[in-house]
file structure.txt (compact mmCIF, C-alpha atoms)
# COMPACT_ATOMS: atom_id res chain seq x y z
CA MET A 28 0.00 0.00 0.00
CA ARG A 29 2.99 2.31 0.43
CA ASP A 30 3.48 2.35 -3.35
CA LEU A 31 -0.12 3.48 -3.78
CA GLY A 32 0.60 6.66 -1.81
CA ALA A 33 3.96 7.09 -3.57
CA GLY A 34 2.26 7.08 -6.96
CA PHE A 35 -0.18 9.77 -5.88
CA ARG A 36 2.69 11.86 -4.50
CA TYR A 37 4.43 11.71 -7.87
CA LEU A 38 1.27 13.08 -9.44
CA LEU A 39 1.26 15.97 -6.96
CA LYS A 40 5.00 16.58 -7.37
CA GLY A 41 4.53 16.87 -11.11
CA GLN A 42 1.82 19.50 -10.67
CA ARG A 43 4.03 21.40 -8.24
CA TRP A 44 6.94 21.27 -10.69
CA VAL A 45 4.99 22.90 -13.52
CA ALA A 46 3.52 25.42 -11.07
CA ARG A 47 7.11 26.58 -10.39
CA HIS A 48 7.93 26.67 -14.12
CA GLY A 49 5.22 28.81 -15.66
CA ARG A 50 6.73 28.96 -19.15
CA GLN A 51 6.92 25.18 -19.44
CA TYR A 52 3.37 24.91 -18.16
CA GLY A 53 2.09 27.38 -20.75
CA PHE A 54 3.70 25.53 -23.66
CA GLY A 55 2.46 22.22 -22.24
CA LEU A 56 -1.16 23.41 -22.38
CA LEU A 57 -1.21 23.89 -26.16
CA PRO A 58 -1.38 20.20 -27.26
CA GLY A 59 -4.17 19.45 -24.80
CA LEU A 60 -6.22 22.41 -26.02
CA ILE A 61 -5.83 21.33 -29.66
CA THR A 62 -6.86 17.75 -28.81
CA LEU A 63 -9.82 18.96 -26.76
CA VAL A 64 -11.17 21.00 -29.68
CA LEU A 65 -10.80 18.04 -32.06
CA TYR A 66 -12.51 15.60 -29.67
CA ALA A 67 -15.29 18.04 -28.81
CA ALA A 68 -16.05 18.57 -32.50
CA ALA A 69 -16.15 14.79 -33.09
CA LEU A 70 -18.47 14.15 -30.14
CA VAL A 71 -20.79 17.01 -31.12
CA ALA A 72 -20.97 15.61 -34.66
CA LEU A 73 -21.76 12.17 -33.23
CA ALA A 74 -24.51 13.62 -31.04
CA LEU A 75 -26.06 15.41 -34.02
CA TRP A 76 -25.79 12.67 -36.64
CA GLY A 77 -25.29 9.50 -34.60
CA GLU A 78 -28.95 8.49 -34.88
CA ASP A 79 -28.82 8.90 -38.67
CA ALA A 80 -25.69 6.76 -38.80
CA VAL A 81 -27.37 4.03 -36.74
CA GLY A 82 -30.44 4.17 -39.01
CA TRP A 83 -28.22 3.78 -42.08
CA ALA A 84 -26.42 0.82 -40.47
CA THR A 85 -29.65 -1.00 -39.53
CA PRO A 86 -31.85 -1.04 -42.66
CA PHE A 87 -33.38 -4.34 -41.52
CA ALA A 88 -35.25 -2.43 -38.80
CA ASP A 89 -37.04 -0.09 -41.24
CA ASP A 90 -40.14 -2.28 -41.33
CA TRP A 91 -40.35 -2.78 -37.56
CA THR A 92 -43.44 -1.43 -35.89
CA SER A 93 -43.39 1.35 -33.31
CA PRO A 94 -42.08 1.58 -30.63
CA TRP A 95 -39.60 -1.28 -31.23
CA ARG A 96 -37.72 0.39 -34.07
CA GLY A 97 -37.24 3.60 -32.08
CA LEU A 98 -36.23 1.76 -28.91
CA PHE A 99 -33.77 -0.47 -30.76
CA ARG A 100 -32.09 2.36 -32.64
CA GLY A 101 -32.16 4.63 -29.61
CA PHE A 102 -30.38 1.96 -27.58
CA LEU A 103 -27.74 1.49 -30.30
CA THR A 104 -27.23 5.25 -30.52
CA ALA A 105 -26.70 5.47 -26.76
CA VAL A 106 -24.25 2.53 -26.89
CA LEU A 107 -22.36 4.16 -29.78
CA PHE A 108 -22.05 7.45 -27.92
CA ALA A 109 -21.02 5.73 -24.65
CA LEU A 110 -18.32 3.71 -26.42
CA SER A 111 -17.10 6.80 -28.24
CA LEU A 112 -16.91 8.71 -24.96
CA LEU A 113 -14.98 5.86 -23.33
CA LEU A 114 -12.61 5.71 -26.31
CA ALA A 115 -12.13 9.48 -26.12
CA VAL A 116 -11.15 9.26 -22.44
CA VAL A 117 -8.78 6.35 -23.07
CA THR A 118 -7.15 7.85 -26.17
CA PHE A 119 -7.06 11.51 -25.09
CA THR A 120 -3.62 11.12 -23.53
CA ALA A 121 -2.19 9.19 -26.48
CA VAL A 122 -3.41 11.72 -29.04
CA THR A 123 -2.32 14.69 -26.93
CA LEU A 124 1.15 13.19 -26.46
CA LEU A 125 1.42 12.52 -30.19
CA ILE A 126 0.40 16.07 -31.09
CA GLY A 127 2.57 17.56 -28.37
CA GLN A 128 5.60 15.27 -28.70
CA PRO A 129 8.16 18.12 -29.05
CA PHE A 130 6.55 20.08 -26.20
CA TYR A 131 6.45 17.17 -23.77
CA GLU A 132 9.89 15.88 -24.74
CA ASN A 133 11.29 19.28 -23.84
CA LEU A 134 9.33 19.41 -20.58
CA SER A 135 10.39 15.89 -19.59
CA GLU A 136 14.05 16.64 -20.34
CA LYS A 137 13.93 19.73 -18.14
CA VAL A 138 12.41 17.70 -15.29
CA ASP A 139 15.19 15.12 -15.68
CA ARG A 140 17.87 17.82 -15.58
CA ASP A 141 16.22 19.45 -12.60
CA VAL A 142 16.14 16.34 -10.41
CA SER A 143 19.25 14.55 -11.70
CA PRO A 144 22.19 14.82 -9.26
CA ASP A 145 24.55 15.58 -12.17
CA GLY A 146 22.09 17.79 -14.07
CA HIS A 147 21.94 15.55 -17.14
CA ALA A 148 18.95 14.16 -19.04
CA PRO A 149 19.06 10.93 -21.09
CA ASP A 150 18.75 11.35 -24.85
CA SER A 151 17.72 8.66 -27.33
CA GLY A 152 19.81 10.29 -30.07
CA LEU A 153 17.02 9.61 -32.60
CA PRO A 154 15.75 12.22 -35.08
CA LEU A 155 12.35 13.76 -34.38
CA TRP A 156 10.59 11.88 -37.20
CA ARG A 157 11.83 8.58 -35.80
CA GLU A 158 10.64 9.44 -32.29
CA LEU A 159 7.23 10.44 -33.66
CA TRP A 160 6.96 7.14 -35.55
CA ILE A 161 7.85 5.08 -32.47
CA SER A 162 5.44 7.09 -30.32
CA ALA A 163 2.58 6.69 -32.83
CA ARG A 164 3.24 2.95 -33.25
CA ASP A 165 3.39 2.27 -29.51
CA SER A 166 0.36 4.48 -28.82
CA LEU A 167 -1.68 2.51 -31.38
CA ARG A 168 -0.73 -0.73 -29.65
CA ILE A 169 -1.79 0.65 -26.30
CA VAL A 170 -5.05 2.02 -27.69
CA VAL A 171 -5.90 -1.42 -29.13
CA ARG A 172 -5.23 -3.03 -25.75
CA ALA A 173 -7.29 -0.37 -23.97
CA ALA A 174 -10.14 -0.73 -26.47
CA LEU A 175 -10.30 -4.48 -25.91
CA TRP A 176 -10.49 -3.90 -22.16
CA GLY A 177 -13.17 -1.26 -22.76
CA VAL A 178 -15.35 -3.63 -24.79
CA LEU A 179 -14.91 -6.36 -22.16
CA LEU A 180 -15.84 -4.05 -19.29
CA PHE A 181 -18.76 -2.60 -21.23
CA GLY A 182 -20.14 -6.11 -21.71
CA CYS A 183 -19.60 -6.92 -18.03
CA GLY A 184 -21.56 -3.78 -17.18
CA PHE A 185 -24.78 -5.62 -18.02
CA ILE A 186 -24.18 -8.17 -15.24
CA PRO A 187 -26.64 -7.33 -12.41
CA VAL A 188 -25.11 -5.70 -9.31
CA VAL A 189 -21.50 -6.45 -10.32
CA GLY A 190 -21.86 -4.41 -13.49
CA GLN A 191 -23.01 -1.37 -11.56
CA THR A 192 -20.53 -1.62 -8.68
CA ALA A 193 -17.28 -3.51 -9.31
CA VAL A 194 -16.97 -2.96 -13.08
CA PRO A 195 -16.77 0.87 -12.96
CA VAL A 196 -14.07 0.65 -10.26
CA ILE A 197 -12.08 -1.87 -12.29
CA GLY A 198 -12.52 0.38 -15.31
CA PHE A 199 -10.84 3.30 -13.54
CA PHE A 200 -7.89 1.13 -12.51
CA VAL A 201 -7.48 -0.21 -16.05
CA THR A 202 -7.70 3.27 -17.55
CA GLY A 203 -5.23 4.54 -14.96
CA PHE A 204 -2.73 1.86 -15.92
CA PHE A 205 -2.86 2.73 -19.61
CA LEU A 206 -2.74 6.47 -18.90
CA THR A 207 0.41 5.93 -16.84
CA GLU A 208 2.00 3.86 -19.61
CA GLU A 209 1.42 6.63 -22.14
CA LEU A 210 2.75 9.33 -19.81
CA THR A 211 5.86 7.48 -18.64
CA ALA A 212 6.62 6.58 -22.26
CA VAL A 213 7.79 10.17 -22.85
CA ALA A 214 10.71 9.70 -20.44
CA LEU A 215 11.28 5.99 -21.05
CA GLN A 216 11.50 6.30 -24.83
CA ARG A 217 14.35 8.78 -24.39
CA ARG A 218 16.08 5.97 -22.49
CA SER A 219 15.49 3.54 -25.38
CA VAL A 220 13.13 1.38 -23.27
CA GLU A 221 10.89 -0.64 -25.59
CA LEU A 222 7.13 -1.01 -25.10
CA ARG A 223 7.32 -4.62 -23.91
CA THR A 224 9.90 -3.68 -21.26
CA ARG A 225 7.86 -0.64 -20.23
CA LEU A 226 4.79 -2.80 -19.64
CA THR A 227 6.86 -5.27 -17.62
CA LEU A 228 8.19 -2.43 -15.47
CA LEU A 229 4.72 -1.05 -14.82
CA ARG A 230 3.26 -4.47 -14.00
CA SER A 231 6.04 -5.02 -11.47
CA ARG A 232 4.85 -1.92 -9.57
CA LYS A 233 1.08 -2.05 -10.13
CA THR A 234 0.14 -0.25 -6.90
CA LEU A 235 2.56 2.59 -7.74
CA VAL A 236 1.00 2.86 -11.19
CA TRP A 237 -2.54 2.79 -9.82
CA GLY A 238 -1.72 5.44 -7.24
CA PHE A 239 -0.56 7.72 -10.04
CA GLY A 240 -2.92 6.84 -12.86
CA THR A 241 -6.27 6.07 -11.22
CA PRO A 242 -6.85 9.56 -9.72
CA LEU A 243 -5.75 10.97 -13.06
CA ALA A 244 -8.26 8.75 -14.89
CA VAL A 245 -11.05 10.08 -12.66
CA ALA A 246 -9.93 13.68 -13.23
CA PHE A 247 -9.62 13.13 -17.00
CA LEU A 248 -13.35 12.38 -17.19
CA VAL A 249 -13.69 16.16 -17.25
CA PRO A 250 -11.95 17.22 -20.52
CA PHE A 251 -11.06 20.74 -19.35
CA VAL A 252 -9.41 19.30 -16.24
CA ALA A 253 -7.40 16.92 -18.44
CA VAL A 254 -6.00 19.83 -20.42
CA PHE A 255 -4.79 21.71 -17.34
CA LEU A 256 -3.39 18.62 -15.58
CA MET A 257 -1.56 17.24 -18.61
CA PRO A 258 1.75 19.17 -18.27
CA GLY A 259 2.02 18.26 -14.58
CA ALA A 260 1.11 14.66 -15.37
CA VAL A 261 4.03 14.45 -17.82
CA ALA A 262 6.36 15.95 -15.20
CA GLY A 263 5.14 13.55 -12.50
CA ALA A 264 5.42 10.58 -14.87
CA THR A 265 9.04 11.53 -15.57
CA LEU A 266 9.77 11.44 -11.84
CA MET A 267 8.04 8.08 -11.55
CA ALA A 268 9.98 6.71 -14.53
CA ARG A 269 13.20 7.51 -12.68
CA ASP A 270 11.87 5.59 -9.67
CA LEU A 271 10.94 2.59 -11.84
CA LEU A 272 14.46 2.50 -13.29
CA GLY A 273 16.13 2.98 -9.92
CA GLU A 274 17.59 6.38 -10.85
CA GLU A 275 18.37 8.86 -8.10
CA ILE A 276 16.06 11.83 -7.65
CA ASP A 277 17.51 15.04 -6.22
CA GLU A 278 14.61 16.51 -4.27
CA GLY A 279 16.51 19.77 -3.84
CA GLY A 280 16.56 20.57 -7.56
CA ASP A 281 14.76 23.79 -8.43
CA GLY A 282 15.14 23.77 -12.20
CA GLY A 283 17.08 27.00 -12.22
CA GLU A 284 20.81 27.41 -12.49
CA LYS A 285 21.55 23.67 -12.48
CA GLY A 286 19.20 23.03 -15.40
CA ASP A 287 20.73 25.89 -17.38
CA ARG A 288 24.25 24.59 -16.84
CA ALA A 289 23.19 21.08 -17.88
CA ALA A 290 21.76 22.37 -21.15
CA THR A 291 25.25 23.42 -22.23
CA THR A 292 26.78 19.99 -21.61
CA SER A 293 26.41 16.80 -23.58
CA PRO A 294 23.71 14.39 -22.36
CA GLN A 295 24.58 11.03 -20.88
CA PRO A 296 24.29 8.00 -23.18
CA PRO A 297 20.86 6.36 -23.26
CA SER A 298 20.35 3.41 -20.98
CA GLY A 299 20.14 0.20 -22.93
CA SER A 300 18.08 -1.68 -20.37
CA PRO A 301 16.19 -0.59 -17.29
CA ALA A 302 17.15 -1.48 -13.78
CA PRO A 303 14.84 -3.92 -12.05
CA GLY A 304 11.78 -2.34 -10.43
CA ARG A 305 12.09 -2.06 -6.72
call {"tool": "encode", "arguments": {"input": "structure.txt", "output": "structure tokens"}}
result
Amino acid sequence: MRDLGAGFRYLLKGQRWVARHGRQYGFGLLPGLITLVLYAAALVALALWGEDAVGWATPFADDWTSPWRGLFRGFLTAVLFALSLLLAVVTFTAVTLLIGQPFYENLSEKVDRDVSPDGHAPDSGLPLWRELWISARDSLRIVVRAALWGVLLFGCGFIPVVGQTAVPVIGFFVTGFFLTEELTAVALQRRSVELRTRLTLLRSRKTLVWGFGTPLAVAFLVPFVAVFLMPGAVAGATLMARDLLGEEIDEGGDGGEKGDRAATTSPQPPSGSPAPGR
């Protein structure tokens, strides 16, 4: 249970870090705002034309008598919107990170320099296009996994009692896990840690991951909150990535003079393989 509290503290530390670095926070808001506008437009379009889409997809129900045709298509429309909303919550982080890759890479590097005892941040050495490709590929894999879990949990939601009590709780924990994977990927990819290894690391410290990601998953249900918490979530995930890899964290770092000095020196070589999770 100690890891559960530690994960939540990393979330708070990340928010405190961006609060002390206003410029980084401002730049970190831009990708979330862009993603929010895109998702809001898609959901509004679905709300306006979702019923027409369901009617087009179910021509066999055209000859059904009232009220069965309306009830059937109304139910499918509600299911479509609910699944789309769930997918939006699950994929919001992945899409925001993809859009804001340069912003969040820069923010994560500054966090690493700030808390590293020697003021250095790991660097993958890859060109930007290559990093974007890896990020998009890994994000798609995570979204597929999350979508499968979403469909499974949605089906379990129809089980009496359990579907209305245990399933929503499990859903928040599952969403929190995948949110944490996406956020820690920013720092771990710079250390050349592959997706399979990242998942192994996170599974080895599940309570730490849940302590960080589950409260974030609850907060991300409100899109505007997600936008404002995103920069701090990236900062906190960078701190947690250092913990997962057994790297030292200098709690006295303030991101000022030490970070500026580190920017003028060459970064340390990327780590080939992570240290075992504690």
call {"tool": "residues_around", "arguments": {"input": "structure.txt", "residues": "Val142 in chain A", "least_positions_apart": "2", "cutoff": "6 Å", "atoms": "all atoms listed in the file", "output": "ChimeraX atom specification"}}
result
/A:139-140,276-277,280
call {"tool": "atom_distance", "arguments": {"input": "structure.txt", "atom1": "CA of Arg50 in chain A", "atom2": "CA of Leu134 in chain A"}}
result
10.0 Å
call {"tool": "closest_residue", "arguments": {"input": "structure.txt", "among": "A:Phe119, A:Phe205, A:Phe200, A:Phe99", "to": "Val245 in chain A", "atoms": "all atoms listed in the file"}}
result
A:Phe200
call {"tool": "closest_residue", "arguments": {"input": "structure.txt", "among": "A:Glu78, A:Ala115, A:Tyr52, A:Glu221", "to": "Leu103 in chain A", "atoms": "all atoms listed in the file"}}
result
A:Glu78
call {"tool": "atom_distance", "arguments": {"input": "structure.txt", "atom1": "CA of Tyr37 in chain A", "atom2": "CA of Met267 in chain A"}}
result
6.3 Å
call {"tool": "residues_around", "arguments": {"input": "structure.txt", "residues": "range 82-92 of chain A", "least_positions_apart": "4", "cutoff": "12 Å", "atoms": "all atoms listed in the file", "output": "VMD selection string"}}
result
chain A and resid 76 to 78 96 to 104 107
call {"tool": "closest_residue", "arguments": {"input": "structure.txt", "among": "A:Lys137, A:Arg223, A:Arg43, A:His48", "to": "Arg168 in chain A", "atoms": "all atoms listed in the file"}}
result
A:Arg223
call {"tool": "closest_residue", "arguments": {"input": "structure.txt", "among": "A:Trp160, A:Phe255, A:Phe54, A:Phe185", "to": "Leu243 in chain A", "atoms": "only C-alpha atoms"}}
result
A:Phe255
call {"tool": "closest_residue", "arguments": {"input": "structure.txt", "among": "A:Gly182, A:Glu136, A:Phe35, A:Arg29", "to": "Gly238 in chain A", "atoms": "only C-alpha atoms"}}
result
A:Phe35
call {"tool": "decode", "arguments": {"input": "structure.txt", "residues": "range 184-224 of chain A", "atoms": "N, CA and C atoms", "output": "compact mmCIF listing (two decimals), in the first residue's frame"}}
result
# COMPACT_ATOMS: atom_id res chain seq x y z
N GLY A 184 -20.69 -4.75 -17.83
CA GLY A 184 -21.56 -3.78 -17.18
C GLY A 184 -23.01 -4.20 -17.15
N PHE A 185 -23.40 -5.15 -18.00
CA PHE A 185 -24.78 -5.62 -18.02
C PHE A 185 -25.05 -6.71 -16.98
N ILE A 186 -23.99 -7.18 -16.29
CA ILE A 186 -24.18 -8.17 -15.24
C ILE A 186 -24.84 -7.48 -14.04
N PRO A 187 -25.96 -7.98 -13.54
CA PRO A 187 -26.64 -7.33 -12.41
C PRO A 187 -25.73 -7.17 -11.20
N VAL A 188 -25.84 -6.06 -10.53
CA VAL A 188 -25.11 -5.70 -9.31
C VAL A 188 -23.62 -5.51 -9.59
N VAL A 189 -22.94 -6.56 -10.05
CA VAL A 189 -21.50 -6.45 -10.32
C VAL A 189 -21.22 -5.39 -11.37
N GLY A 190 -22.06 -5.37 -12.41
CA GLY A 190 -21.86 -4.41 -13.49
C GLY A 190 -22.02 -2.97 -13.06
N GLN A 191 -22.78 -2.74 -12.02
CA GLN A 191 -23.01 -1.37 -11.56
C GLN A 191 -22.13 -0.99 -10.37
N THR A 192 -21.36 -1.92 -9.85
CA THR A 192 -20.53 -1.62 -8.68
C THR A 192 -19.04 -1.88 -8.95
N ALA A 193 -18.69 -3.15 -9.16
CA ALA A 193 -17.28 -3.51 -9.31
C ALA A 193 -16.71 -3.09 -10.66
N VAL A 194 -17.50 -3.23 -11.73
CA VAL A 194 -16.97 -2.96 -13.08
C VAL A 194 -16.50 -1.51 -13.25
N PRO A 195 -17.27 -0.50 -12.82
CA PRO A 195 -16.77 0.87 -12.96
C PRO A 195 -15.45 1.10 -12.21
N VAL A 196 -15.32 0.50 -11.03
CA VAL A 196 -14.07 0.65 -10.26
C VAL A 196 -12.91 0.02 -11.02
N ILE A 197 -13.12 -1.20 -11.52
CA ILE A 197 -12.08 -1.87 -12.29
C ILE A 197 -11.72 -1.04 -13.52
N GLY A 198 -12.74 -0.45 -14.13
CA GLY A 198 -12.52 0.38 -15.31
C GLY A 198 -11.58 1.54 -15.04
N PHE A 199 -11.73 2.19 -13.88
CA PHE A 199 -10.84 3.30 -13.54
C PHE A 199 -9.40 2.82 -13.33
N PHE A 200 -9.24 1.66 -12.72
CA PHE A 200 -7.89 1.13 -12.51
C PHE A 200 -7.24 0.76 -13.85
N VAL A 201 -8.01 0.15 -14.74
CA VAL A 201 -7.48 -0.21 -16.05
C VAL A 201 -7.10 1.04 -16.84
N THR A 202 -7.99 2.02 -16.84
CA THR A 202 -7.70 3.27 -17.55
C THR A 202 -6.49 3.96 -16.95
N GLY A 203 -6.38 3.94 -15.62
CA GLY A 203 -5.23 4.54 -14.96
C GLY A 203 -3.93 3.89 -15.35
N PHE A 204 -3.94 2.58 -15.51
CA PHE A 204 -2.73 1.86 -15.92
C PHE A 204 -2.28 2.31 -17.31
N PHE A 205 -3.23 2.36 -18.25
CA PHE A 205 -2.86 2.73 -19.61
C PHE A 205 -2.48 4.21 -19.71
N LEU A 206 -3.13 5.07 -18.94
CA LEU A 206 -2.74 6.47 -18.90
C LEU A 206 -1.28 6.61 -18.43
N THR A 207 -0.95 5.87 -17.39
CA THR A 207 0.41 5.93 -16.84
C THR A 207 1.43 5.42 -17.85
N GLU A 208 1.08 4.37 -18.59
CA GLU A 208 2.00 3.86 -19.61
C GLU A 208 2.28 4.94 -20.65
N GLU A 209 1.24 5.61 -21.12
CA GLU A 209 1.42 6.63 -22.14
C GLU A 209 2.26 7.79 -21.62
N LEU A 210 2.04 8.17 -20.37
CA LEU A 210 2.75 9.33 -19.81
C LEU A 210 4.21 9.00 -19.52
N THR A 211 4.47 7.85 -18.94
CA THR A 211 5.86 7.48 -18.64
C THR A 211 6.64 7.18 -19.92
N ALA A 212 5.94 6.88 -21.01
CA ALA A 212 6.62 6.58 -22.26
C ALA A 212 7.45 7.76 -22.75
N VAL A 213 7.04 8.99 -22.41
CA VAL A 213 7.79 10.17 -22.85
C VAL A 213 9.22 10.10 -22.33
N ALA A 214 9.37 9.79 -21.03
CA ALA A 214 10.71 9.70 -20.44
C ALA A 214 11.40 8.39 -20.78
N LEU A 215 10.66 7.29 -20.83
CA LEU A 215 11.28 5.99 -21.05
C LEU A 215 11.75 5.80 -22.49
N GLN A 216 11.06 6.40 -23.45
CA GLN A 216 11.50 6.30 -24.83
C GLN A 216 12.83 7.01 -25.04
N ARG A 217 13.06 8.10 -24.30
CA ARG A 217 14.35 8.78 -24.39
C ARG A 217 15.46 7.90 -23.83
N ARG A 218 15.10 6.91 -23.04
CA ARG A 218 16.08 5.97 -22.49
C ARG A 218 16.13 4.67 -23.30
N SER A 219 15.50 4.69 -24.47
CA SER A 219 15.49 3.54 -25.38
C SER A 219 14.87 2.31 -24.74
N VAL A 220 13.85 2.50 -23.90
CA VAL A 220 13.13 1.38 -23.27
C VAL A 220 11.95 1.02 -24.17
N GLU A 221 11.93 -0.20 -24.67
CA GLU A 221 10.89 -0.64 -25.59
C GLU A 221 9.56 -0.84 -24.86
N LEU A 222 8.48 -0.89 -25.66
CA LEU A 222 7.13 -1.01 -25.10
C LEU A 222 6.98 -2.24 -24.22
N ARG A 223 7.47 -3.39 -24.69
CA ARG A 223 7.32 -4.62 -23.91
C ARG A 223 7.99 -4.48 -22.54
N THR A 224 9.18 -3.87 -22.52
CA THR A 224 9.90 -3.68 -21.26
C THR A 224 9.17 -2.67 -20.38
